[in-house]
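Source file: final.txt; contents: compact mmCIF, C-alpha atoms.
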```txt
# COMPACT_ATOMS: atom_id res chain seq x y z
CA ALA T 1 13.57 -5.85 -18.29
CA HIS T 2 10.41 -7.25 -16.82
CA VAL T 3 7.56 -7.27 -19.33
CA GLY T 4 4.37 -6.25 -17.56
CA THR T 5 1.02 -7.90 -18.22
CA TYR T 6 -2.18 -7.43 -16.29
CA THR T 7 -5.17 -9.77 -16.24
CA LEU T 8 -8.60 -8.71 -15.09
CA SER T 9 -11.76 -10.78 -14.76
CA THR T 10 -14.24 -9.72 -17.41
CA PRO T 11 -17.54 -8.21 -16.21
CA THR T 12 -19.63 -10.88 -17.97
CA ALA T 13 -17.89 -13.89 -16.40
CA ARG T 14 -18.64 -14.18 -12.70
CA ALA T 15 -16.77 -16.71 -10.60
CA THR T 16 -18.91 -19.33 -8.87
CA PRO T 17 -17.90 -22.12 -6.48
CA ALA T 18 -18.19 -24.58 -9.37
CA SER T 19 -15.89 -22.52 -11.59
CA MET T 20 -13.03 -21.67 -9.25
CA ASN T 21 -10.53 -23.51 -11.44
CA PHE T 22 -8.54 -21.31 -13.80
CA ASP T 23 -10.51 -20.54 -16.95
CA PRO T 24 -8.65 -18.44 -19.57
CA ALA T 25 -11.99 -17.25 -20.98
CA ARG T 26 -12.64 -15.31 -17.75
CA PHE T 27 -9.54 -13.17 -18.16
CA GLN T 28 -8.14 -10.79 -20.71
CA LYS T 29 -4.50 -9.87 -21.08
CA ALA T 30 -3.28 -6.31 -21.53
CA LYS T 31 0.25 -4.91 -21.81
CA LEU T 32 1.32 -2.30 -19.30
CA LYS T 33 2.78 0.92 -20.65
CA ALA T 34 5.91 0.69 -18.50
CA SER T 35 7.63 -2.30 -16.93
CA PRO T 36 7.04 -2.66 -13.16
CA THR T 37 10.07 -2.85 -10.90
CA LEU T 38 10.61 -6.14 -9.07
CA LYS T 39 9.70 -4.79 -5.63
CA TYR T 40 7.56 -6.42 -2.97
CA ASN T 41 3.80 -5.97 -3.46
CA ASN T 42 4.25 -3.83 -6.57
CA LEU T 43 0.66 -4.02 -7.82
CA HIS T 44 -2.50 -2.85 -6.11
CA SER T 45 -6.10 -2.62 -7.21
CA GLY T 46 -8.53 -0.17 -5.62
CA SER T 47 -10.63 2.91 -6.29
CA LYS T 48 -11.62 1.41 -9.68
CA SER T 49 -7.96 1.58 -10.73
CA LEU T 50 -4.73 -0.35 -10.37
CA CYS T 51 -1.34 1.14 -9.57
CA TYR T 52 2.27 0.01 -9.84
CA THR T 53 5.70 1.64 -9.83
CA ASP T 54 8.50 1.58 -12.40
CA ASN T 55 11.01 3.12 -9.95
CA LYS T 56 10.45 6.89 -9.63
CA GLN T 57 6.93 6.99 -11.06
CA VAL T 58 3.64 5.36 -10.14
CA HIS T 59 1.31 4.40 -12.96
CA VAL T 60 -2.44 4.61 -12.30
CA VAL T 61 -4.58 2.58 -14.73
CA PRO T 62 -8.40 2.82 -14.50
CA HIS T 63 -10.07 -0.59 -14.72
CA ASP T 64 -12.21 0.74 -17.60
CA TYR T 65 -9.06 1.07 -19.71
CA VAL T 66 -8.42 -2.65 -19.32
CA ALA T 67 -11.95 -3.56 -20.40
CA GLN T 68 -11.69 -1.35 -23.49
CA THR T 69 -8.24 -2.35 -24.72
CA SER T 70 -7.62 -5.02 -27.32
CA GLN T 71 -4.21 -4.22 -28.80
CA GLY T 72 -1.21 -2.19 -27.69
CA ALA T 73 -0.22 -0.97 -24.25
CA LEU T 74 -2.67 0.28 -21.65
CA SER T 75 -2.90 4.02 -21.20
CA SER T 76 -1.97 5.15 -17.72
CA HIS T 77 -1.53 8.31 -15.69
CA ALA T 78 2.03 8.70 -14.38
CA VAL T 79 2.48 10.11 -10.88
CA SER T 80 5.99 11.44 -10.30
CA ALA T 81 7.64 11.11 -6.90
CA GLY T 82 10.31 13.62 -7.91
CA ASN T 83 13.83 12.29 -7.32
CA ASN T 84 12.56 9.69 -4.87
CA GLN T 85 12.62 5.99 -5.59
CA VAL T 86 9.16 4.51 -4.95
CA TYR T 87 9.10 1.29 -2.90
CA GLN T 88 5.33 0.77 -2.86
CA SER T 89 2.09 2.40 -3.95
CA LYS T 90 -1.34 1.57 -2.61
CA PHE T 91 -4.90 2.88 -2.51
CA VAL T 92 -6.28 3.28 1.02
CA VAL T 93 -9.69 4.40 2.28
CA THR T 94 -10.02 6.48 5.45
CA ASN T 95 -12.92 8.67 6.55
CA ASP T 96 -14.86 7.67 3.42
CA LYS T 97 -12.20 9.03 1.06
CA THR T 98 -9.75 7.14 -1.14
CA TYR T 99 -6.10 8.17 -1.29
CA LEU T 100 -3.09 7.00 -3.28
CA VAL T 101 -0.20 6.50 -0.85
CA LEU T 102 3.40 6.37 -2.08
CA ALA T 103 6.10 4.89 0.17
CA THR T 104 9.37 6.38 -1.09
CA ALA T 105 13.08 6.62 -0.29
CA SER T 106 12.50 9.81 1.69
CA GLY T 107 9.15 9.12 3.34
CA VAL T 108 5.45 9.12 2.52
CA GLN T 109 3.44 10.99 -0.09
CA ILE T 110 -0.37 11.06 0.03
CA TRP T 111 -2.16 11.91 -3.22
CA ASP T 112 -5.79 12.09 -4.25
CA ALA T 113 -7.24 8.85 -5.64
CA HIS T 114 -6.49 9.82 -9.25
CA GLY T 115 -2.88 10.83 -8.59
CA ASN T 116 -3.49 14.40 -9.75
CA ASN T 117 -2.65 16.36 -6.60
CA ILE T 118 -0.26 15.71 -3.74
CA LEU T 119 -1.98 16.37 -0.41
CA PHE T 120 0.66 15.57 2.20
CA ASN T 121 4.35 14.76 2.42
CA PHE T 122 5.99 13.14 5.44
CA ALA T 123 9.78 12.86 5.61
CA ILE T 124 11.30 9.99 7.59
CA PRO T 125 13.06 11.52 10.62
CA GLY T 126 16.83 11.37 10.18
CA GLY T 127 16.48 10.19 6.58
CA ASN T 128 19.57 8.77 4.85
CA GLN T 129 18.53 7.96 1.29
CA ASP T 130 21.97 7.26 -0.18
CA GLY T 131 23.30 5.16 2.71
CA SER T 132 26.17 7.58 3.29
CA SER T 133 25.92 7.16 7.07
CA GLY T 134 24.72 3.56 7.35
CA ARG T 135 21.75 1.67 5.98
CA PRO T 136 19.67 3.67 3.47
CA THR T 137 16.28 4.76 4.73
CA PHE T 138 12.98 4.24 2.93
CA ALA T 139 9.29 3.73 3.59
CA ARG T 140 7.54 0.46 2.70
CA GLY T 141 4.29 -1.19 3.79
CA VAL T 142 0.97 0.70 3.82
CA ALA T 143 -2.36 -0.01 5.56
CA ALA T 144 -5.46 1.80 6.79
CA LEU T 145 -6.18 1.30 10.49
CA LEU T 146 -9.19 1.77 12.78
CA THR T 147 -8.55 2.38 16.49
CA GLY T 148 -10.71 1.56 19.49
CA ASP T 149 -11.62 5.25 19.89
CA ASN T 150 -12.87 5.23 16.27
CA GLU T 151 -9.94 7.12 14.74
CA GLN T 152 -9.01 6.15 11.18
CA LEU T 153 -5.27 6.22 10.48
CA ILE T 154 -2.80 5.42 7.72
CA ALA T 155 0.11 3.23 8.89
CA VAL T 156 3.38 3.21 6.92
CA GLY T 157 6.43 1.04 7.66
CA SER T 158 10.10 1.91 7.16
CA SER T 159 13.58 0.49 6.68
CA SER T 160 14.39 1.06 10.37
CA GLY T 161 11.50 -1.18 11.43
CA SER T 162 9.49 1.79 12.71
CA VAL T 163 5.83 2.11 11.73
CA PHE T 164 4.51 5.67 11.40
CA LEU T 165 0.85 6.43 12.11
CA LEU T 166 -0.69 9.33 10.17
CA GLU T 167 -4.05 10.92 10.94
CA GLY T 168 -6.25 13.28 8.94
CA SER T 169 -8.10 13.82 5.69
CA GLY T 170 -7.94 16.12 2.68
CA PHE T 171 -4.89 18.37 2.97
CA LYS T 172 -4.76 18.07 6.76
CA PHE T 173 -2.68 15.04 7.71
CA ARG T 174 -0.23 14.79 10.59
CA HIS T 175 2.13 12.27 12.17
CA VAL T 176 0.61 11.20 15.51
CA HIS T 177 2.59 8.17 16.72
CA THR T 178 5.46 5.79 15.90
CA LEU T 179 5.70 2.06 16.68
CA THR T 180 9.27 0.94 17.35
CA ASP T 181 9.02 -2.76 18.23
CA GLN T 182 10.88 -3.97 15.12
CA SER T 183 14.42 -3.20 13.99
CA ASN T 184 14.52 -4.87 10.56
CA PRO T 185 13.12 -3.24 7.40
CA ILE T 186 9.34 -3.56 7.17
CA THR T 187 8.19 -5.45 4.07
CA ASP T 188 4.41 -5.12 4.40
CA LEU T 189 1.55 -4.03 6.66
CA ALA T 190 -2.02 -5.33 6.88
CA SER T 191 -5.04 -4.68 9.09
CA ASP T 192 -8.55 -5.98 9.57
CA PHE T 193 -9.88 -2.52 8.72
CA ASP T 194 -7.82 -2.34 5.52
CA GLY T 195 -9.36 -5.62 4.36
CA ARG T 196 -12.95 -4.64 5.13
CA GLN T 197 -15.67 -5.00 2.52
CA THR T 198 -18.59 -2.69 3.34
CA ASP T 199 -19.49 -2.67 7.04
CA GLN T 200 -16.73 -0.97 9.02
CA SER T 201 -18.51 -1.73 12.32
CA THR T 202 -17.33 -5.32 11.96
CA ALA T 203 -13.70 -4.29 11.56
CA THR T 204 -11.47 -5.18 14.49
CA ARG T 205 -8.42 -3.22 15.49
CA ARG T 206 -5.53 -5.52 14.62
CA LEU T 207 -2.47 -4.23 12.76
CA VAL T 208 0.09 -6.75 11.48
CA SER T 209 3.60 -5.95 10.24
CA ALA T 210 6.15 -8.21 8.54
CA ASP T 211 9.88 -7.61 8.10
CA GLU T 212 12.94 -8.80 6.20
CA ALA T 213 13.99 -11.14 9.00
CA GLY T 214 10.68 -13.02 8.73
CA ARG T 215 9.35 -11.52 11.97
CA VAL T 216 5.61 -10.76 12.19
CA CYS T 217 4.25 -8.43 14.89
CA VAL T 218 0.59 -7.99 15.85
CA TRP T 219 -0.91 -4.97 17.63
CA ASP T 220 -4.31 -4.07 19.02
CA ALA T 221 -5.04 -0.43 18.17
CA GLN T 222 -6.85 0.52 21.38
CA SER T 223 -6.27 4.22 20.70
CA VAL T 224 -3.99 6.42 18.59
CA LYS T 225 -1.19 6.25 21.17
CA GLY T 226 -2.40 3.11 22.93
CA MET T 227 -1.16 0.35 20.65
CA ALA T 228 -1.02 -2.89 22.66
CA HIS T 229 1.59 -5.38 21.42
CA LEU T 230 -0.30 -8.69 21.16
CA GLY T 231 2.50 -11.00 20.07
CA VAL T 232 5.31 -11.91 17.70
CA LEU T 233 5.87 -14.72 15.23
CA GLU T 234 9.62 -15.22 14.81
CA GLY T 235 11.09 -16.18 11.45
CA LYS T 236 12.93 -19.51 11.51
CA ASP T 237 15.62 -19.12 8.86
CA GLY T 238 15.97 -15.37 8.38
CA SER T 239 13.97 -15.34 5.13
CA PRO T 240 11.82 -12.24 4.69
CA CYS T 241 8.07 -12.38 5.11
CA VAL T 242 6.89 -10.20 2.23
CA ALA T 243 3.08 -10.20 2.47
```
Starting from the file, give its structure as structure tokens.
Amino acid sequence: AHVGTYTLSTPTARATPASMNFDPARFQKAKLKASPTLKYNNLHSGSKSLCYTDNKQVHVVPHDYVAQTSQGALSSHAVSAGNNQVYQSKFVVTNDKTYLVLATASGVQIWDAHGNNILFNFAIPGGNQDGSSGRPTFARGVAALLTGDNEQLIAVGSSSGSVFLLEGSGFKFRHVHTLTDQSNPITDLASDFDGRQTDQSTATRRLVSADEAGRVCVWDAQSVKGMAHLGVLEGKDGSPCVA
């Protein structure tokens, strides 16, 4: 079993250019309540919380719990994906709201930021979770995306290489487009908009996907259905690109 530990920079110790070397005094160690599974990108921090999966549950741990703990395991809120194996969990921000997105063996679940209520469920078309008719299907790779016509989307990758684009807010999400340029399982997605700090007007429209063959694709999100393929970086030895 993998023993989980989480380290968080303490509020009183700010990093400066002169103190970028590792300093144990700037971190505190806390035990996680459940052991994380050894999946790609299985830890994310956002919305004043961190999240990770232990297979069929996602654990949401508020940052305040880390600051307050001294002994024992961190308290966490468990979000159940039902009978679905969870491949990734991530906080994303679209239309000024934060959501917890679960990429599972059957598709995508969108929850509120605290993991209390499920808002939307998207099943992968032609899903084959157990691999009974070929390669098992699953979702993996999550990113927020801003298009040229100012639409904010959630992009989610899959085991077929397809990337699904979801649009909406609150309880009203819908699948609006699918990118099909890759055929190997997606390992991760990233975008300029997803990595923004405060000013979204400076965010460009690039979406980047990586897959298990080491292939990296780059798109320009000109519009919801106008995704221009900018280029491909081919993997050299077949090793996956995981982040």
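Note that the spacing between atom CA of T:Thr147 and atom CA of T:Arg205 amounts to 5.7 Å.
Among the candidates T:Val224, T:Leu179, T:Ala81, T:Leu146, the residue lying nearest to T:Trp111 is T:Ala81 (atoms considered: only C-alpha atoms).
Closest approach to T:His177 among T:Met227, T:Ala210, T:Leu119, T:Leu100: T:Met227, based on only C-alpha atoms.
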At most 9 Å is the cut-off: for each residue in stretch 77-191 of chain T with any atom that close to an atom of stretch 58-62 of chain T, write down the nearest atom pair and the distance in Å rounded to one decimal, counting all atoms listed in the file, chain first then increasing number, as a tab-separated table.
```
residue	atom	partner	partner_atom	distance
T:His77	CA	T:Val60	CA	5.1
T:Ala78	CA	T:His59	CA	4.6
T:Val79	CA	T:Val58	CA	4.9
T:Ser80	CA	T:Val58	CA	6.5
T:Ala81	CA	T:Val58	CA	7.7
T:Val86	CA	T:Val58	CA	7.6
T:Gln88	CA	T:Val58	CA	8.8
T:Ser89	CA	T:Val58	CA	7.0
T:Leu102	CA	T:Val58	CA	8.1
T:His114	CA	T:Val60	CA	7.3
T:Gly115	CA	T:Val60	CA	7.3
```
Just the residues within 10 Å of T:Val242, please, counting all atoms listed in the file, with nothing from its chain fewer than 4 positions along; format it as a list in words.
Lys39, Tyr40, Asn41, Gly141, Ile186, Thr187, Asp188, Leu189, Ser209, Ala210, Asp211, Glu212, Ala213 and Gly214 of chain T
For the selection you just gave me, I'd like the residues written to a file as a short mmCIF file (atom, residue, chain, number, x, y, z; two decimals), in the coordinates of the input, keeping C-alpha atoms.
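Saved the output as part.cif:
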```
data_model
loop_
_atom_site.label_atom_id
_atom_site.label_comp_id
_atom_site.auth_asym_id
_atom_site.auth_seq_id
_atom_site.Cartn_x
_atom_site.Cartn_y
_atom_site.Cartn_z
CA LYS T 39 9.70 -4.79 -5.63
CA TYR T 40 7.56 -6.42 -2.97
CA ASN T 41 3.80 -5.97 -3.46
CA GLY T 141 4.29 -1.19 3.79
CA ILE T 186 9.34 -3.56 7.17
CA THR T 187 8.19 -5.45 4.07
CA ASP T 188 4.41 -5.12 4.40
CA LEU T 189 1.55 -4.03 6.66
CA SER T 209 3.60 -5.95 10.24
CA ALA T 210 6.15 -8.21 8.54
CA ASP T 211 9.88 -7.61 8.10
CA GLU T 212 12.94 -8.80 6.20
CA ALA T 213 13.99 -11.14 9.00
CA GLY T 214 10.68 -13.02 8.73
#
```
